[in-house]
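A.B. asks: Structure file model_32.txt, compact mmCIF, C-alpha atoms and all ligand atoms, is pasted below:
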```
# COMPACT_ATOMS: atom_id res chain seq x y z
CA MET H 1 -21.74 -18.70 -26.18
CA GLN H 2 -25.08 -17.87 -24.60
CA GLU H 3 -27.20 -14.76 -24.06
CA VAL H 4 -28.21 -15.15 -20.39
CA ALA H 5 -30.07 -11.81 -20.16
CA LYS H 6 -30.56 -8.80 -22.38
CA TYR H 7 -27.10 -7.44 -23.37
CA LEU H 8 -25.41 -10.11 -21.18
CA ILE H 9 -23.48 -12.82 -23.06
CA LYS H 10 -21.52 -15.74 -21.56
CA VAL H 11 -18.54 -17.06 -23.51
CA ASN H 12 -16.76 -20.29 -22.58
CA ALA H 13 -12.98 -20.46 -22.48
CA GLU H 14 -10.19 -22.87 -21.69
CA PHE H 15 -7.32 -22.11 -19.35
CA LYS H 16 -4.31 -23.59 -21.15
CA ASP H 17 -0.62 -23.04 -20.30
CA GLY H 18 -1.51 -19.97 -18.25
CA GLN H 19 -3.57 -18.45 -21.04
CA ILE H 20 -7.29 -17.73 -21.38
CA VAL H 21 -8.44 -19.15 -24.71
CA PRO H 22 -12.04 -18.21 -25.55
CA GLU H 23 -14.32 -20.40 -27.70
CA ILE H 24 -14.64 -17.55 -30.20
CA SER H 25 -11.88 -15.33 -31.64
CA PRO H 26 -10.68 -12.19 -29.83
CA GLU H 27 -12.05 -10.15 -32.75
CA GLU H 28 -15.49 -11.70 -32.28
CA VAL H 29 -15.33 -11.06 -28.51
CA MET H 30 -14.55 -7.40 -29.20
CA ARG H 31 -17.37 -7.14 -31.73
CA LEU H 32 -19.80 -8.26 -28.99
CA VAL H 33 -18.24 -5.84 -26.47
CA ASN H 34 -18.49 -2.90 -28.87
CA GLU H 35 -22.11 -3.52 -29.96
CA PRO H 36 -22.27 -3.01 -26.92
CA ASN H 37 -22.89 -6.02 -24.70
CA ILE H 38 -21.50 -7.12 -21.36
CA VAL H 39 -19.47 -10.26 -22.06
CA ILE H 40 -18.72 -12.77 -19.30
CA ILE H 41 -15.70 -14.97 -20.08
CA LYS H 42 -15.68 -18.29 -18.18
CA THR H 43 -11.88 -18.21 -17.85
CA GLY H 44 -11.45 -21.61 -16.21
CA ILE H 45 -8.70 -20.24 -13.92
CA PRO H 46 -8.58 -22.79 -11.05
CA GLU H 47 -10.21 -21.90 -7.73
CA ALA H 48 -6.97 -22.46 -5.79
CA VAL H 49 -5.16 -19.88 -7.95
CA LEU H 50 -7.95 -17.33 -7.46
CA ARG H 51 -8.21 -17.85 -3.70
CA ASN H 52 -4.44 -17.63 -3.44
CA VAL H 53 -4.63 -14.08 -4.84
CA ILE H 54 -6.99 -13.09 -2.01
CA GLU H 55 -4.79 -14.74 0.62
CA THR H 56 -1.61 -13.21 -0.82
CA THR H 57 -3.18 -9.76 -0.97
CA ARG H 58 -4.43 -10.02 2.61
CA ALA H 59 -1.04 -11.19 3.92
CA TRP H 60 0.72 -8.37 2.04
CA ALA H 61 -1.80 -5.77 3.29
CA ALA H 62 -1.43 -7.01 6.89
CA LYS H 63 2.24 -5.97 6.90
CA THR H 64 1.88 -2.88 4.69
CA PRO H 65 0.57 0.32 6.33
CA LEU H 66 -2.47 1.86 4.69
CA ALA H 67 -1.50 4.54 2.17
CA GLU H 68 -2.34 8.13 3.02
CA GLY H 69 -2.21 11.24 0.89
CA PRO H 70 -2.66 11.52 -2.86
CA ASP H 71 -1.98 8.41 -5.02
CA THR H 72 1.46 8.40 -6.63
CA PHE H 73 0.67 5.67 -9.22
CA ASP H 74 4.22 4.32 -9.02
CA ASN H 75 4.15 1.93 -6.06
CA ASN H 76 2.35 -0.97 -4.41
CA GLN H 77 -0.17 0.36 -1.92
CA HIS H 78 -3.57 -0.22 -0.38
CA LYS H 79 -6.20 2.23 0.72
CA GLN H 80 -9.61 2.19 2.35
CA ARG H 81 -11.63 4.42 0.04
CA LEU H 82 -14.54 6.39 1.41
CA HIS H 83 -15.17 9.56 -0.54
CA ILE H 84 -16.86 11.20 -3.50
CA ALA H 85 -14.80 11.43 -6.70
CA LYS H 86 -14.03 15.05 -7.55
CA ILE H 87 -15.10 15.40 -11.18
CA GLN H 88 -17.76 12.71 -11.61
CA GLN H 89 -19.15 12.99 -8.08
CA ALA H 90 -19.28 9.18 -7.80
CA PRO H 91 -19.38 8.02 -4.15
CA GLN H 92 -17.35 4.97 -3.18
CA LEU H 93 -16.61 2.68 -0.25
CA PHE H 94 -14.17 -0.20 -0.75
CA HIS H 95 -10.63 -1.32 0.03
CA ASP H 96 -8.31 -1.35 -2.98
CA HIS H 97 -4.82 -2.77 -3.37
CA THR H 98 -2.94 -1.35 -6.35
CA PHE H 99 0.20 -3.05 -7.65
CA ASP H 100 1.55 -0.54 -10.16
CA ALA H 101 5.04 -1.81 -9.25
CA ILE H 102 4.02 -5.49 -9.32
CA LEU H 103 7.46 -6.55 -10.61
CA ASP H 104 9.03 -5.08 -7.43
CA LEU H 105 6.90 -7.27 -5.12
CA GLU H 106 8.80 -9.89 -3.18
CA GLN H 107 8.38 -13.58 -3.93
CA PRO H 108 6.24 -15.61 -3.65
CA ALA H 109 3.67 -12.79 -3.50
CA GLN H 110 4.59 -11.53 -6.97
CA GLN H 111 4.33 -14.99 -8.49
CA ASN H 112 0.98 -15.63 -6.80
CA LEU H 113 -0.51 -12.40 -8.14
CA LEU H 114 0.97 -12.86 -11.61
CA GLN H 115 -0.72 -16.24 -11.89
CA VAL H 116 -3.93 -14.26 -12.32
CA PHE H 117 -2.75 -10.89 -13.62
CA ASP H 118 -0.55 -12.32 -16.36
CA PRO H 119 -3.39 -14.27 -18.02
CA MET H 120 -5.52 -11.12 -17.71
CA ARG H 121 -2.76 -8.98 -19.24
CA ARG H 122 -2.21 -11.35 -22.15
CA PHE H 123 -5.94 -11.67 -22.74
CA TRP H 124 -6.44 -7.89 -22.75
CA ASN H 125 -3.47 -7.52 -25.12
CA SER H 126 -5.05 -10.07 -27.48
CA LEU H 127 -8.40 -8.24 -27.41
CA THR H 128 -6.96 -4.79 -28.06
CA GLY H 129 -4.11 -5.73 -30.41
CA ASN H 130 -1.51 -4.53 -27.93
CA ASN H 131 1.61 -6.14 -26.51
CA GLU H 132 2.00 -4.14 -23.30
CA PRO H 133 4.34 -5.22 -20.47
CA TYR H 134 4.05 -4.19 -16.79
CA GLY H 135 5.89 -1.20 -15.45
CA VAL H 136 5.44 2.48 -14.63
CA ARG H 137 5.93 4.84 -17.59
CA LYS H 138 5.61 8.51 -16.71
CA GLY H 139 3.39 10.44 -19.12
CA GLU H 140 2.18 7.28 -20.89
CA PRO H 141 -0.56 4.72 -20.29
CA TYR H 142 0.47 1.62 -18.33
CA PHE H 143 -1.10 -1.18 -16.29
CA HIS H 144 -2.48 -0.62 -12.78
CA PRO H 145 -3.18 -4.17 -11.49
CA GLN H 146 -5.68 -3.93 -8.64
CA VAL H 147 -7.29 -6.30 -6.14
CA THR H 148 -10.45 -4.79 -4.71
CA HIS H 149 -12.30 -5.93 -1.61
CA TYR H 150 -15.96 -4.95 -1.18
CA PRO H 151 -16.63 -5.64 2.52
CA LEU H 152 -20.03 -6.82 3.76
CA GLY H 153 -22.45 -4.28 5.15
CA GLY H 154 -22.57 -1.43 2.65
CA SER H 155 -19.58 -1.24 0.30
CA PHE H 156 -20.34 0.06 -3.20
CA PHE H 157 -19.12 2.25 -6.06
CA GLY H 158 -21.48 4.85 -7.56
CA ARG H 159 -22.26 5.33 -11.26
CA HIS H 160 -19.21 6.56 -13.20
CA TRP H 161 -17.50 6.11 -16.56
CA HIS H 162 -14.11 6.39 -18.23
CA PRO H 163 -12.71 7.56 -21.55
CA LEU H 164 -12.94 4.71 -24.08
CA ASN H 165 -9.24 4.90 -24.91
CA PRO H 166 -6.67 3.59 -24.35
CA GLN H 167 -8.38 0.88 -22.26
CA LYS H 168 -11.13 0.11 -24.82
CA VAL H 169 -12.37 -2.87 -22.78
CA GLY H 170 -12.58 -3.06 -18.98
CA THR H 171 -11.84 -6.40 -17.23
CA ILE H 172 -13.27 -7.54 -13.89
CA LEU H 173 -12.32 -11.02 -12.66
CA ALA H 174 -14.31 -12.57 -9.78
CA LEU H 175 -11.92 -14.05 -7.19
CA ASN H 176 -14.64 -15.60 -5.01
CA GLN H 177 -18.17 -16.95 -5.26
CA TYR H 178 -21.51 -15.16 -5.22
CA GLY H 179 -24.05 -17.02 -3.04
CA GLN H 180 -21.26 -18.56 -0.98
CA ASP H 181 -18.60 -15.99 -0.03
CA TYR H 182 -20.96 -13.04 -0.41
CA HIS H 183 -24.66 -12.63 -1.13
CA SER H 184 -25.07 -9.19 -2.62
CA GLY H 185 -23.23 -6.72 -4.81
CA GLY H 186 -22.08 -6.81 -8.42
CA THR H 187 -21.32 -4.53 -11.34
CA GLY H 188 -24.15 -2.78 -13.20
CA TYR H 189 -24.19 -0.98 -16.56
CA VAL H 190 -26.43 1.14 -18.76
CA ILE H 191 -26.76 0.08 -22.40
CA ASN H 192 -29.22 1.90 -24.68
CA ASP H 193 -31.11 3.19 -21.63
CA HIS H 194 -31.45 -0.38 -20.33
CA ILE H 195 -30.00 -1.28 -16.93
CA VAL H 196 -27.87 -4.45 -16.97
CA GLU H 197 -27.13 -5.82 -13.50
CA THR H 198 -24.57 -8.64 -13.43
CA GLU H 199 -25.09 -9.46 -9.73
CA GLY H 200 -25.68 -13.21 -9.52
CA TYR H 201 -24.44 -13.86 -13.06
CA GLN H 202 -20.70 -13.72 -12.35
CA ASP H 203 -19.25 -16.87 -10.80
CA MET H 204 -15.78 -17.25 -9.36
CA GLY H 205 -13.29 -17.21 -12.26
CA ASP H 206 -15.66 -15.34 -14.58
CA MET H 207 -14.24 -12.22 -16.15
CA ILE H 208 -16.60 -9.44 -17.14
CA LEU H 209 -15.69 -7.42 -20.23
CA PHE H 210 -17.31 -4.06 -20.91
CA ARG H 211 -16.86 -1.09 -23.22
CA TYR H 212 -14.89 1.28 -21.03
CA ASP H 213 -17.11 4.31 -21.73
CA LEU H 214 -20.33 2.64 -20.54
CA PRO H 215 -21.68 4.18 -17.35
CA HIS H 216 -21.21 1.56 -14.61
CA TRP H 217 -21.35 1.06 -10.86
CA VAL H 218 -21.04 -1.58 -8.15
CA SER H 219 -24.31 -2.34 -6.35
CA PRO H 220 -24.01 -2.35 -2.54
CA SER H 221 -23.35 -5.27 -0.25
CA SER H 222 -26.36 -5.78 2.03
CA PHE H 223 -26.77 -3.39 4.95
CA ALA H 224 -28.20 -6.33 6.91
CA ASP H 225 -24.61 -7.43 7.54
CA ARG H 226 -22.36 -5.64 9.97
CA PHE H 227 -19.66 -3.57 8.29
CA SER H 228 -15.98 -4.01 9.17
CA TRP H 229 -12.83 -3.02 7.27
CA ASP H 230 -11.03 -5.88 9.03
CA ASP H 231 -13.40 -8.70 8.10
CA PRO H 232 -12.18 -10.36 4.87
CA ALA H 233 -15.71 -11.59 4.06
CA GLY H 234 -17.30 -10.03 1.00
CA ARG H 235 -16.69 -9.75 -2.71
CA TRP H 236 -13.12 -9.77 -4.08
CA VAL H 237 -12.25 -8.89 -7.67
CA ALA H 238 -9.09 -8.39 -9.74
CA ILE H 239 -9.09 -5.64 -12.34
CA LEU H 240 -6.44 -4.47 -14.80
CA PRO H 241 -6.86 -0.80 -15.71
CA PHE H 242 -4.58 0.62 -18.43
CA TYR H 243 -4.30 4.41 -18.42
CA ASN H 244 -2.05 7.41 -18.01
CA PRO H 245 -2.77 8.75 -14.50
CA TRP H 246 -1.49 12.19 -15.55
CA GLY H 247 -3.70 12.26 -18.67
CA THR H 248 -7.10 13.91 -19.14
CA PRO H 249 -9.75 12.49 -16.80
CA ALA H 250 -13.24 11.51 -18.00
CA ASP H 251 -15.59 14.42 -18.59
CA TYR H 252 -18.39 15.28 -16.15
CA LYS H 253 -20.84 15.06 -19.05
CA GLU H 254 -21.88 11.50 -19.60
CA PRO H 255 -24.89 10.21 -21.49
CA GLN H 256 -24.53 11.76 -24.96
CA GLY H 257 -20.79 11.34 -24.61
CA TRP H 258 -20.72 7.58 -24.72
CA LYS H 259 -23.40 7.27 -27.37
CA GLU H 260 -21.42 9.62 -29.59
CA GLN H 261 -18.29 7.61 -28.94
CA ILE H 262 -20.02 4.41 -30.04
CA VAL H 263 -20.95 6.07 -33.32
CA GLN H 264 -17.39 7.32 -33.70
CA ALA H 265 -15.97 3.87 -32.95
CA LYS H 266 -18.20 2.35 -35.68
CA GLU H 267 -16.96 4.97 -38.15
CA VAL H 268 -13.37 4.20 -37.24
CA THR H 269 -13.74 0.42 -37.55
CA ALA H 270 -16.02 0.54 -40.65
FE FE H 301 -14.94 2.05 -13.41
```
Once more with this new file: its structure as structure tokens, please.
C.D. replies:
Amino acid sequence: MQEVAKYLIKVNAEFKDGQIVPEISPEEVMRLVNEPNIVIIKTGIPEAVLRNVIETTRAWAAKTPLAEGPDTFDNNQHKQRLHIAKIQQAPQLFHDHTFDAILDLEQPAQQNLLQVFDPMRRFWNSLTGNNEPYGVRKGEPYFHPQVTHYPLGGSFFGRHWHPLNPQKVGTILALNQYGQDYHSGGTGYVINDHIVETEGYQDMGDMILFRYDLPHWVSPSSFADRFSWDDPAGRWVAILPFYNPWGTPADYKEPQGWKEQIVQAKEVTA
């Protein structure tokens, strides 16, 4: 375990029998997350497995028409996002692939994706004390496995936040390598009025953990590159949101909100 910058802590892990086993206990990891800090887990998931997720996603997207219209949260779809979120007014430009029905994917695509999402799911369950399976459950929280591509030349995601529960801890796994596959862009956070930029600190296979109610964003890929939706170059990540899409969205009000929630969380766990 090592503090590599203020509020940024790296934790080693072993990848054993398809499971991410950190060098410290899940309870200790969550204590660091809730302080709060940004925790980077060196998962040890092999490069071939990670790159296979990108290749599988690209092959699936190539034969799957882009989704149009409002999200239904009950299928496998991909969308080129370019808009400003309604409530939080967060602008965004990226290409996401959401596998809410991951168990309905054909083989071997399903197996290839699960090689990464299943370790993430089990790890998140161990951190939060849950034992959640995949699958759509109307009116309840459930997993929304997502592979996100941030193309070169100006992709980004503006500052936004989420309700703390039921996710508690957000997970962002790097599927390719900063400095090699892409040269700019990464997730940023605000902790105690201090800006924590993780760009350059997250290697391929590293999974960022963050308190879900921290304001966060994705810094842009360099405008020096030419933008193209069709060019697979750029940053690729896997995330595993857990929420009820028909539940109450995050409030427009932000800064006092999350500080109050941290106090409340301490009272609850005390
Ligand atoms: Fe987010």
A.B. asks: Output the neighbourhood of ligand FE 301 (chain H) as a PyMOL selection string, that is, all protein and nucleic acid residues with some atom at most 9 Å from the ligand, counting all atoms listed in the file.
C.D. replies: chain H and resi 157+159-162+170+212-218+241
A.B. asks: Using all atoms listed in the file, which protein or nucleic acid residues come within 6 Å of Lys79 in chain H? Drop anything in the same chain fewer than 3 positions from it, and give the result as a PDB file with C-alpha atoms, in the frame of the given file.
C.D. replies:
```
ATOM      1  CA  LEU H  66      -2.470   1.860   4.690  1.00  0.00           C
ATOM      2  CA  ALA H  67      -1.500   4.540   2.170  1.00  0.00           C
ATOM      3  CA  HIS H  95     -10.630  -1.320   0.030  1.00  0.00           C
ATOM      4  CA  ASP H  96      -8.310  -1.350  -2.980  1.00  0.00           C
TER       5      ASP H  96
END
```
A.B. asks: Range 198-208 of chain H: which residues within 6 Å, counting all atoms listed in the file, same-chain residues fewer than 2 positions away excluded, as a PyMOL selection string?
C.D. replies: chain H and resi 39-43+45+171-177+185-188
A.B. asks: Using all atoms listed in the file, which of the listed residues (H:Gln89, H:Gln115, H:Thr98, H:Asn34) sits closest to Asp17 in chain H?
C.D. replies: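 Once distances to Asp17 in chain H are computed over all atoms listed in the file, the minimum belongs to H:Gln115.
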A.B. asks: Quick one: of H:Asp100, H:Val196, H:Leu164, H:Glu35, who's nearest to Leu8 in chain H, counting only C-alpha atoms?
C.D. replies: H:Val196
A.B. asks: Counting all atoms listed in the file, figure out which residue out of H:Pro232, H:Ala5, H:Ser155, H:Asn112 gets nearest to His83 in chain H.
C.D. replies: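 Of H:Pro232, H:Ala5, H:Ser155, H:Asn112, the one nearest His83 in chain H is H:Ser155, counting all atoms listed in the file.
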A.B. asks: Taking (-18.9, 7.5, -2.4) in the file's coordinates, which residues come within 9 Å, counting all atoms listed in the file, written as a ChimeraX atom specification?
C.D. replies: /H:81-85,89-93,156-158
A.B. asks: Given the choices H:Ser228, H:Thr248, H:Gln110, H:Asn75, which gets closest to Trp60 in chain H if the distance is worked out from all atoms listed in the file?
C.D. replies: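 So, comparing all the options, the nearest one is H:Gln110.
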A.B. asks: Taking 4 positions as the minimum chain separation for residues in the same chain, which residues sit within 12 Å of Lys138 in chain H when counting all atoms listed in the file? Answer as a PyMOL selection string.
C.D. replies: chain H and resi 72-74+100+142-143+243-247
A.B. asks: Please report the interatomic distance between CA of Glu3 in chain H and CA of Val21 in chain H in Å with one decimal.
C.D. replies: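 Those two atoms sit 19.3 Å apart.
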A.B. asks: Looking at only C-alpha atoms, which of H:Asn192, H:Asn12, H:Thr57, H:Gln2 is the one that sits closest to Pro145 in chain H?
C.D. replies: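 The shortest atom-to-atom distance to Pro145 in chain H comes from H:Thr57.
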A.B. asks: Would you work out the distance separating CA of Leu50 in chain H from CA of Leu105 in chain H, expressed in Å to one decimal?
C.D. replies: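 CA of Leu50 in chain H sits 18.1 Å away from CA of Leu105 in chain H.
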A.B. asks: Quote the spacing between CA of Val169 in chain H and CA of Phe210 in chain H in Å to one decimal place.
C.D. replies: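 Computing it gives 5.4 Å between the two atoms.
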A.B. asks: Using all atoms listed in the file for the distances, tell me which of H:Ile54, H:Glu27, H:Ala101, H:Pro163 is nearest to Arg137 in chain H.
C.D. replies: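 For Arg137 in chain H, the nearest of the given residues is H:Ala101.
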A.B. asks: Residues near Ile24 in chain H, anyone? I mean within 10 Å using all atoms listed in the file, not counting same-chain ones fewer than 4 positions away, as a VMD selection string.
C.D. replies: chain H and resid 1 11 to 13 28 to 29
